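What follows is query_9.txt (compact mmCIF, C-alpha atoms).
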# COMPACT_ATOMS: atom_id res chain seq x y z
CA MET U 1011 -9.27 -21.28 -9.81
CA ALA U 1012 -11.43 -21.06 -6.70
CA ASN U 1013 -11.60 -17.84 -4.76
CA ASN U 1014 -9.78 -18.51 -1.48
CA THR U 1015 -9.58 -14.88 -0.37
CA THR U 1016 -9.57 -14.46 3.40
CA ILE U 1017 -12.98 -13.36 4.67
CA GLU U 1018 -13.88 -11.67 7.93
CA ARG U 1019 -17.11 -10.03 9.03
CA SER U 1020 -16.64 -6.30 9.33
CA GLY U 1021 -17.27 -6.36 13.06
CA ASN U 1022 -14.64 -8.98 13.84
CA ILE U 1023 -11.47 -7.01 13.18
CA GLU U 1024 -10.68 -3.32 13.12
CA ALA U 1025 -10.50 -1.57 9.76
CA VAL U 1026 -7.01 -0.22 10.45
CA ASN U 1027 -3.94 -1.55 12.20
CA ILE U 1028 -1.46 0.86 13.80
CA GLU U 1029 1.99 -0.08 15.06
CA ARG U 1030 3.33 2.87 17.01
CA PRO U 1031 6.82 2.82 18.56
CA LYS U 1032 7.30 4.22 22.06
CA ILE U 1033 9.31 7.15 20.71
CA LEU U 1034 7.32 9.48 18.45
CA SER U 1035 8.70 9.09 14.95
CA PRO U 1036 9.17 11.55 12.08
CA VAL U 1037 8.57 8.71 9.60
CA ILE U 1038 5.18 7.11 8.94
CA ALA U 1039 4.68 4.10 6.68
CA SER U 1040 1.31 3.53 5.03
CA ILE U 1041 0.33 0.11 3.64
CA PRO U 1042 -3.10 0.57 2.02
CA HIS U 1043 -3.21 -2.61 -0.11
CA GLY U 1044 -1.52 -5.23 2.06
CA SER U 1045 -4.63 -7.22 3.01
CA SER U 1046 -6.67 -9.70 0.96
CA CYS U 1047 -9.46 -9.79 3.55
CA ILE U 1048 -12.99 -9.10 2.25
CA THR U 1049 -16.30 -8.75 4.05
CA SER U 1050 -19.20 -11.18 4.02
CA GLU U 1051 -21.27 -8.49 2.31
CA MET U 1052 -18.78 -8.36 -0.55
CA LYS U 1053 -18.47 -12.14 -0.77
CA ASN U 1054 -22.23 -12.46 -1.09
CA SER U 1055 -22.35 -9.76 -3.79
CA MET U 1056 -19.55 -11.06 -6.00
CA ILE U 1057 -19.72 -13.17 -9.11
CA GLN U 1058 -18.84 -16.72 -8.10
CA ASN U 1059 -15.12 -17.51 -8.33
CA ALA U 1060 -14.11 -13.96 -9.25
CA LEU U 1061 -10.35 -13.62 -8.89
CA LEU U 1062 -9.18 -10.64 -6.84
CA THR U 1063 -5.76 -10.23 -8.40
CA ASN U 1064 -2.83 -7.84 -7.92
CA ASN U 1065 -2.96 -7.21 -4.21
CA ASP U 1066 0.22 -6.12 -2.49
CA TRP U 1067 0.86 -9.72 -1.45
CA PHE U 1068 2.72 -10.40 1.83
CA LEU U 1069 3.65 -6.72 2.22
CA ASN U 1070 2.87 -6.54 5.94
CA ASP U 1071 5.19 -9.48 6.54
CA LEU U 1072 7.85 -7.95 4.31
CA TYR U 1073 7.90 -4.78 6.40
CA ASP U 1074 7.31 -6.31 9.82
CA PHE U 1075 10.60 -4.79 11.05
CA LEU U 1076 9.45 -1.16 10.86
CA TYR U 1077 8.67 -0.79 14.55
CA LYS U 1078 12.26 -1.79 15.37
CA LEU U 1079 13.43 1.21 13.37
CA ASN U 1080 11.07 3.58 15.17
CA ILE U 1081 8.78 3.92 12.13
CA ILE U 1082 5.02 4.21 12.63
CA LYS U 1083 3.09 1.74 10.45
CA ILE U 1084 -0.53 2.17 9.41
CA SER U 1085 -2.09 -0.63 7.36
CA ALA U 1086 -5.55 -1.38 6.03
CA ASN U 1087 -7.01 -4.64 7.32
CA TYR U 1088 -9.32 -5.07 4.34
CA SER U 1089 -8.62 -5.57 0.66
CA ARG U 1090 -8.41 -2.75 -1.86
CA TYR U 1091 -11.34 -4.54 -3.53
CA VAL U 1092 -13.61 -3.67 -0.60
CA VAL U 1093 -12.67 -0.01 -0.95
CA ASP U 1094 -9.41 1.49 -2.15
CA VAL U 1095 -8.16 3.92 0.47
CA ASN U 1096 -5.59 5.17 -2.06
CA ARG U 1097 -8.29 6.87 -4.13
CA ASN U 1098 -9.99 10.24 -3.88
CA ILE U 1099 -13.44 9.89 -2.33
CA ASN U 1100 -14.81 11.88 -5.28
CA LYS U 1101 -14.38 8.72 -7.36
CA LYS U 1102 -16.95 6.77 -5.34
CA HIS U 1103 -19.44 6.42 -8.20
CA ILE U 1104 -16.94 5.58 -10.96
CA GLU U 1105 -17.38 1.99 -12.16
CA GLY U 1106 -14.90 1.91 -15.03
CA ASP U 1107 -11.21 1.01 -14.90
CA TYR U 1108 -9.97 0.06 -11.43
CA THR U 1109 -7.32 2.79 -11.57
CA GLU U 1110 -10.12 5.36 -11.47
CA SER U 1111 -12.48 3.68 -9.00
CA LEU U 1112 -12.84 4.05 -5.25
CA ILE U 1113 -14.79 0.77 -5.14
CA TYR U 1114 -13.75 -1.54 -7.95
CA HIS U 1115 -16.41 -3.07 -10.18
CA LYS U 1116 -13.74 -4.68 -12.34
CA THR U 1117 -10.57 -6.55 -11.42
CA THR U 1118 -7.12 -5.40 -12.50
CA PHE U 1119 -7.61 -7.74 -15.48
CA SER U 1120 -10.87 -5.92 -16.42
CA LYS U 1121 -13.12 -8.81 -15.33
CA ASN U 1122 -16.46 -7.96 -13.74
CA ILE U 1123 -16.67 -8.46 -9.97
CA TYR U 1124 -20.42 -7.94 -9.64
CA GLU U 1125 -23.40 -8.68 -11.86
CA ASN U 1126 -24.87 -5.24 -11.17
CA SER U 1127 -23.92 -1.88 -9.72
CA LEU U 1128 -23.69 -1.80 -5.93
CA PRO U 1129 -26.49 0.02 -4.11
CA ASN U 1130 -25.57 3.47 -2.80
CA ILE U 1131 -26.02 2.29 0.79
CA VAL U 1132 -23.34 -0.37 0.27
CA VAL U 1133 -20.95 2.20 -1.18
CA GLU U 1134 -21.56 4.62 1.68
CA ASN U 1135 -21.21 1.88 4.32
CA ARG U 1136 -17.85 0.77 2.92
CA ILE U 1137 -16.63 4.35 2.94
CA LYS U 1138 -17.78 4.85 6.53
CA GLU U 1139 -16.46 1.52 7.87
CA PHE U 1140 -13.14 1.23 6.04
CA TYR U 1141 -12.13 4.33 4.05
CA GLU U 1142 -12.77 7.07 6.59
CA PRO U 1143 -11.08 5.25 9.53
CA TYR U 1144 -7.90 4.78 7.49
CA HIS U 1145 -7.59 8.44 6.65
CA THR U 1146 -8.59 9.55 10.14
CA CYS U 1147 -5.81 7.40 11.62
CA LEU U 1148 -3.23 8.51 9.06
CA LEU U 1149 -4.00 12.20 9.57
CA ASN U 1150 -3.92 11.80 13.35
CA GLU U 1151 -0.48 10.17 13.25
CA ILE U 1152 0.85 12.88 10.95
CA ASN U 1153 -0.48 15.65 13.19
CA ASN U 1154 0.91 14.00 16.33
CA SER U 1155 4.36 13.64 14.77
CA LEU U 1156 4.32 17.26 13.61
CA LYS U 1157 3.98 18.33 17.24
CA GLU U 1158 7.36 16.75 17.94
CA TRP U 1159 9.21 17.08 14.63
CA ASP U 1160 9.75 19.98 12.24
CA LYS U 1161 9.07 17.67 9.31
CA VAL U 1162 7.23 14.38 8.85
CA TYR U 1163 8.05 11.90 6.10
CA LEU U 1164 5.35 9.60 4.72
CA LEU U 1165 6.33 6.39 2.92
CA ASP U 1166 3.43 4.82 1.04
CA LEU U 1167 4.37 1.17 0.51
CA HIS U 1168 3.10 -0.95 -2.39
CA SER U 1169 4.10 -3.74 -4.77
CA PHE U 1170 3.58 -4.33 -8.50
CA TYR U 1171 4.43 -6.60 -11.39
CA ALA U 1172 3.64 -5.41 -14.91
CA GLN U 1173 4.33 -1.67 -15.01
CA SER U 1174 8.15 -1.80 -14.85
CA THR U 1175 11.06 -4.23 -14.83
CA ALA U 1176 12.87 -2.28 -12.10
CA ASP U 1177 13.15 -3.76 -8.61
CA VAL U 1178 11.77 -0.58 -7.06
CA VAL U 1179 9.82 2.37 -8.43
CA LEU U 1180 9.63 5.61 -6.48
CA GLY U 1181 6.53 7.74 -7.09
CA THR U 1182 6.67 11.48 -6.49
CA CYS U 1183 3.88 12.73 -8.81
CA GLY U 1184 6.51 14.35 -10.98
CA GLY U 1185 8.60 15.64 -8.10
CA SER U 1186 5.71 17.43 -6.41
CA THR U 1187 5.34 15.35 -3.22
CA CYS U 1188 8.77 15.79 -1.64
CA SER U 1189 11.95 17.79 -1.71
CA TYR U 1190 14.81 16.77 -3.98
CA GLU U 1191 16.95 16.22 -0.87
CA PHE U 1192 14.57 13.67 0.63
CA PHE U 1193 13.97 11.99 -2.71
CA HIS U 1194 17.71 11.68 -3.33
CA SER U 1195 18.24 10.17 0.14
CA VAL U 1196 15.58 7.51 -0.49
CA TYR U 1197 16.80 6.82 -4.02
CA LYS U 1198 20.42 6.46 -2.88
CA ALA U 1199 19.46 4.17 0.03
CA PHE U 1200 17.87 1.70 -2.41
CA VAL U 1201 20.64 1.93 -5.01
CA ASP U 1202 23.33 1.45 -2.38
CA GLU U 1203 21.63 -1.80 -1.37
CA GLY U 1204 21.77 -3.09 -4.96
CA PHE U 1205 18.17 -2.46 -6.05
CA THR U 1206 17.50 -1.20 -9.57
CA VAL U 1207 15.38 1.93 -9.16
CA LYS U 1208 13.13 3.89 -11.53
CA VAL U 1209 11.15 7.04 -10.80
CA ASP U 1210 7.57 7.97 -11.69
CA GLU U 1211 7.05 5.08 -14.11
CA LYS U 1212 3.69 5.06 -15.91
CA GLY U 1213 1.03 3.77 -13.52
CA LEU U 1214 3.40 4.11 -10.55
CA LYS U 1215 3.79 7.88 -10.30
CA GLY U 1216 2.14 8.16 -6.91
CA GLY U 1217 -1.50 7.89 -5.87
CA TYR U 1218 -3.94 9.82 -3.74
CA ILE U 1219 -2.19 9.22 -0.43
CA VAL U 1220 1.16 10.80 -1.35
CA SER U 1221 -0.48 13.53 -3.39
CA HIS U 1222 -2.98 14.48 -0.69
CA TYR U 1223 -0.86 14.31 2.44
CA SER U 1224 2.17 15.99 0.91
CA SER U 1225 -0.03 19.08 0.55
CA ILE U 1226 0.13 19.46 4.36
CA GLU U 1227 2.78 21.93 5.43
CA ASN U 1228 6.04 20.23 6.48
CA VAL U 1229 4.96 16.80 5.22
CA GLU U 1230 6.93 15.06 2.47
CA ALA U 1231 5.76 11.84 0.85
CA ILE U 1232 7.09 9.16 -1.49
CA GLN U 1233 5.33 6.11 -2.90
CA ILE U 1234 7.60 3.07 -2.81
CA GLU U 1235 6.70 0.17 -5.12
CA ILE U 1236 8.59 -3.13 -5.06
CA ARG U 1237 8.25 -5.64 -7.89
CA TYR U 1238 6.78 -9.09 -7.17
CA THR U 1239 9.85 -10.76 -8.70
CA THR U 1240 12.09 -8.96 -6.22
CA TYR U 1241 10.50 -10.42 -3.10
CA ILE U 1242 7.85 -13.09 -3.85
CA GLU U 1243 9.31 -15.29 -6.57
CA ASP U 1244 11.31 -14.76 -9.76
CA ARG U 1245 8.67 -15.84 -12.27
CA TYR U 1246 5.83 -14.63 -14.45
CA PHE U 1247 2.72 -13.41 -12.60
CA GLY U 1248 -0.60 -13.59 -14.41
CA GLU U 1249 -4.28 -13.45 -13.52
CA GLU U 1250 -4.01 -15.14 -10.15
CA GLU U 1251 -4.24 -14.83 -6.41
CA VAL U 1252 -0.84 -15.48 -4.82
CA TYR U 1253 -0.57 -17.86 -1.88
CA HIS U 1254 3.06 -19.00 -1.95
CA LYS U 1255 6.44 -17.27 -1.93
CA ASP U 1256 10.11 -18.17 -2.22
CA ASP U 1257 11.08 -17.91 1.45
CA ILE U 1258 14.79 -17.56 0.72
CA LEU U 1259 14.23 -14.67 -1.68
CA PHE U 1260 11.63 -13.12 0.61
CA ASN U 1261 13.86 -13.12 3.69
CA LYS U 1262 16.89 -11.87 1.78
CA THR U 1263 14.88 -8.97 0.38
CA LYS U 1264 13.45 -8.18 3.81
CA GLU U 1265 16.98 -7.92 5.21
CA ARG U 1266 17.96 -5.59 2.37
CA LEU U 1267 14.89 -3.42 2.91
CA GLU U 1268 15.61 -3.18 6.61
CA ARG U 1269 19.04 -1.79 5.80
CA VAL U 1270 17.50 0.66 3.34
CA LEU U 1271 14.99 1.97 5.87
CA LYS U 1272 17.63 2.13 8.60
CA ASN U 1273 19.74 4.39 6.41
CA ILE U 1274 16.75 6.60 5.62
CA MET U 1275 16.01 6.96 9.34
CA LYS U 1276 19.60 8.00 10.05
CA ILE U 1277 19.20 10.88 7.62
CA VAL U 1278 15.77 12.18 8.71
CA GLU U 1279 16.54 11.95 12.43
CA LYS U 1280 19.66 14.12 12.16
Mind converting the file's structure to structure tokens?
Amino acid sequence: MANNTTIERSGNIEAVNIERPKILSPVIASIPHGSSCITSEMKNSMIQNALLTNNDWFLNDLYDFLYKLNIIKISANYSRYVVDVNRNINKKHIEGDYTESLIYHKTTFSKNIYENSLPNIVVENRIKEFYEPYHTCLLNEINNSLKEWDKVYLLDLHSFYAQSTADVVLGTCGGSTCSYEFFHSVYKAFVDEGFTVKVDEKGLKGGYIVSHYSSIENVEAIQIEIRYTTYIEDRYFGEEEVYHKDDILFNKTKERLERVLKNIMKIVEK
């Protein structure tokens, strides 16, 4: 299968997109893996026809209603394969399994992406151009909201396929990233809308973003993972890049998610 991943030069679009409602919100949504865009530098470095699988396909479209609910949305405009902003920067020289790497050298199917290790200057440039801006923006939005609200709630939005058969998996790093009250409110909002929900499933327990930012005083965070079959198409997903979706399923799930997030907002804005 040819690699048809969207490509932009790093100077053509900003590294981060922010949608900020007019009213300062206590809820911030982070979408770190919603783009399949890669840089020309990466394209030129890759093995020909490497498949960049398991992105959070169509997630920005799925949650395009957030601004209507007064939720701040921060999303990465470049693929997790350029640099994964949901990793600790201390992992920048790890080239093993993608779950442990800041910059992947293998796909999620353990296939090599590059013939050789990337030069240090490439690693540092990707961190400077894409990783640092994401975290600067996210921290700024959190700090701004804390000036207005006693508590800020961070929702880190992702999608998955293989790790669970549930519709939605909530990641709390073993209950360490949020209060039970907030967790229960989020859990109930999904269950009430008919989603099957699991918590802290293996591989979906919560990544760097929820772990790191929940350490800030008065910030609570939950990772929300939605299964591909729940919103893209009810089928098997293998080693592939996804270009098509079941529009009926997608729109129905979007409507359900909007109701879920609306109910969460009612609770946190009390």
Using all atoms listed in the file, tabulate the residues of range 1109-1191 of chain U lying at most 7 Å from any atom of range 1201-1209 of chain U, each with its closest atom pair and that distance in Å to one decimal, by chain and increasing residue number, as a Markdown table.
| residue | atom | partner | partner_atom | distance |
| --- | --- | --- | --- | --- |
| U:Ala1176 | CA | U:Thr1206 | CA | 5.4 |
| U:Asp1177 | CA | U:Thr1206 | CA | 5.1 |
| U:Val1178 | CA | U:Val1207 | CA | 4.9 |
| U:Val1179 | CA | U:Lys1208 | CA | 4.8 |
| U:Leu1180 | CA | U:Val1209 | CA | 4.8 |
| U:Gly1181 | CA | U:Val1209 | CA | 6.0 |
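Picture a line from CA of Glu1139 in chain U to CA of Glu1024 in chain U; it runs 9.2 Å.
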For this session: Using only C-alpha atoms, determine which residues lie at most 7 Å from range 1060-1074 of chain U, disregarding the query and same-chain residues fewer than 6 positions distant; provide the list as a list of chain:residue names.
Result: U:Asn1013, U:His1043, U:Gly1044, U:Ser1046, U:Thr1117, U:Thr1118, U:Ile1123, U:His1168, U:Ser1169, U:Glu1249, U:Glu1250, U:Glu1251, U:Val1252, U:Lys1264
For this session: Figure out the distance between CA of Tyr1218 in chain U and CA of Ser1035 in chain U, please, to one decimal in Å.
Result: 22.6 Å
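Of the residues under consideration (U:Glu1265, U:Asn1228, U:Ala1086, U:Tyr1223), U:Ala1086 shows the shortest atom-to-atom contact distance to Pro1143 in chain U when counting only C-alpha atoms.
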Problem set entry | Point (6.6, 18.0, 4.0) neighbourhood (12 Å, all atoms listed in the file) written as a ChimeraX atom specification | /U:1036-1037,1152-1153,1155-1156,1159-1165,1186-1193,1220-1232,1278
What would the file look like if the residues just selected were written as a PDB file, in the coordinates of the input with C-alpha atoms?
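Ended up saving to out23.pdb:
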ATOM      1  CA  PRO U1036       9.170  11.550  12.080  1.00  0.00           C
ATOM      2  CA  VAL U1037       8.570   8.710   9.600  1.00  0.00           C
ATOM      3  CA  ILE U1152       0.850  12.880  10.950  1.00  0.00           C
ATOM      4  CA  ASN U1153      -0.480  15.650  13.190  1.00  0.00           C
ATOM      5  CA  SER U1155       4.360  13.640  14.770  1.00  0.00           C
ATOM      6  CA  LEU U1156       4.320  17.260  13.610  1.00  0.00           C
ATOM      7  CA  TRP U1159       9.210  17.080  14.630  1.00  0.00           C
ATOM      8  CA  ASP U1160       9.750  19.980  12.240  1.00  0.00           C
ATOM      9  CA  LYS U1161       9.070  17.670   9.310  1.00  0.00           C
ATOM     10  CA  VAL U1162       7.230  14.380   8.850  1.00  0.00           C
ATOM     11  CA  TYR U1163       8.050  11.900   6.100  1.00  0.00           C
ATOM     12  CA  LEU U1164       5.350   9.600   4.720  1.00  0.00           C
ATOM     13  CA  LEU U1165       6.330   6.390   2.920  1.00  0.00           C
ATOM     14  CA  SER U1186       5.710  17.430  -6.410  1.00  0.00           C
ATOM     15  CA  THR U1187       5.340  15.350  -3.220  1.00  0.00           C
ATOM     16  CA  CYS U1188       8.770  15.790  -1.640  1.00  0.00           C
ATOM     17  CA  SER U1189      11.950  17.790  -1.710  1.00  0.00           C
ATOM     18  CA  TYR U1190      14.810  16.770  -3.980  1.00  0.00           C
ATOM     19  CA  GLU U1191      16.950  16.220  -0.870  1.00  0.00           C
ATOM     20  CA  PHE U1192      14.570  13.670   0.630  1.00  0.00           C
ATOM     21  CA  PHE U1193      13.970  11.990  -2.710  1.00  0.00           C
ATOM     22  CA  VAL U1220       1.160  10.800  -1.350  1.00  0.00           C
ATOM     23  CA  SER U1221      -0.480  13.530  -3.390  1.00  0.00           C
ATOM     24  CA  HIS U1222      -2.980  14.480  -0.690  1.00  0.00           C
ATOM     25  CA  TYR U1223      -0.860  14.310   2.440  1.00  0.00           C
ATOM     26  CA  SER U1224       2.170  15.990   0.910  1.00  0.00           C
ATOM     27  CA  SER U1225      -0.030  19.080   0.550  1.00  0.00           C
ATOM     28  CA  ILE U1226       0.130  19.460   4.360  1.00  0.00           C
ATOM     29  CA  GLU U1227       2.780  21.930   5.430  1.00  0.00           C
ATOM     30  CA  ASN U1228       6.040  20.230   6.480  1.00  0.00           C
ATOM     31  CA  VAL U1229       4.960  16.800   5.220  1.00  0.00           C
ATOM     32  CA  GLU U1230       6.930  15.060   2.470  1.00  0.00           C
ATOM     33  CA  ALA U1231       5.760  11.840   0.850  1.00  0.00           C
ATOM     34  CA  ILE U1232       7.090   9.160  -1.490  1.00  0.00           C
ATOM     35  CA  VAL U1278      15.770  12.180   8.710  1.00  0.00           C
TER      36      VAL U1278
END
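Here CA of His1115 in chain U and CA of Asn1098 in chain U stand 16.1 Å from one another.
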Taking 3 positions as the minimum chain separation for residues in the same chain, which residues sit within 8 Å of Thr1263 in chain U when counting all atoms listed in the file? Answer as a PDB file with C-alpha atoms, keeping the file's coordinate frame.
ATOM      1  CA  THR U1240      12.090  -8.960  -6.220  1.00  0.00           C
ATOM      2  CA  TYR U1241      10.500 -10.420  -3.100  1.00  0.00           C
ATOM      3  CA  LEU U1259      14.230 -14.670  -1.680  1.00  0.00           C
ATOM      4  CA  PHE U1260      11.630 -13.120   0.610  1.00  0.00           C
ATOM      5  CA  ARG U1266      17.960  -5.590   2.370  1.00  0.00           C
ATOM      6  CA  LEU U1267      14.890  -3.420   2.910  1.00  0.00           C
TER       7      LEU U1267
END
For this session: Could you give me, as JSON, numbers by chain, the residues within 12 Å of range 1105-1111 of chain U, counting all atoms listed in the file and dropping anything in the same chain fewer than 3 positions from it?
Result: {"U": [1062, 1063, 1064, 1090, 1091, 1092, 1093, 1094, 1095, 1096, 1097, 1098, 1099, 1100, 1101, 1102, 1114, 1115, 1116, 1117, 1118, 1119, 1120, 1121, 1122, 1123, 1124, 1126, 1127, 1128, 1133, 1213, 1214, 1216, 1217, 1218]}
Seminar exercise, completed: If you count only C-alpha atoms, the residue of U:Ile1033, U:Ile1219, U:Cys1183, U:Leu1167 closest to Ile1236 in chain U turns out to be U:Leu1167
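Ranking U:Asp1257, U:Glu1243, U:Glu1142, U:Glu1268 by their shortest atom-to-atom distance to Ala1199 in chain U, with only C-alpha atoms included, puts U:Glu1268 first.
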Seminar exercise, completed: With distances taken over all atoms listed in the file, the candidate from U:Gln1058, U:Tyr1088, U:Ser1195, U:Lys1083 nearest Tyr1141 in chain U is U:Tyr1088
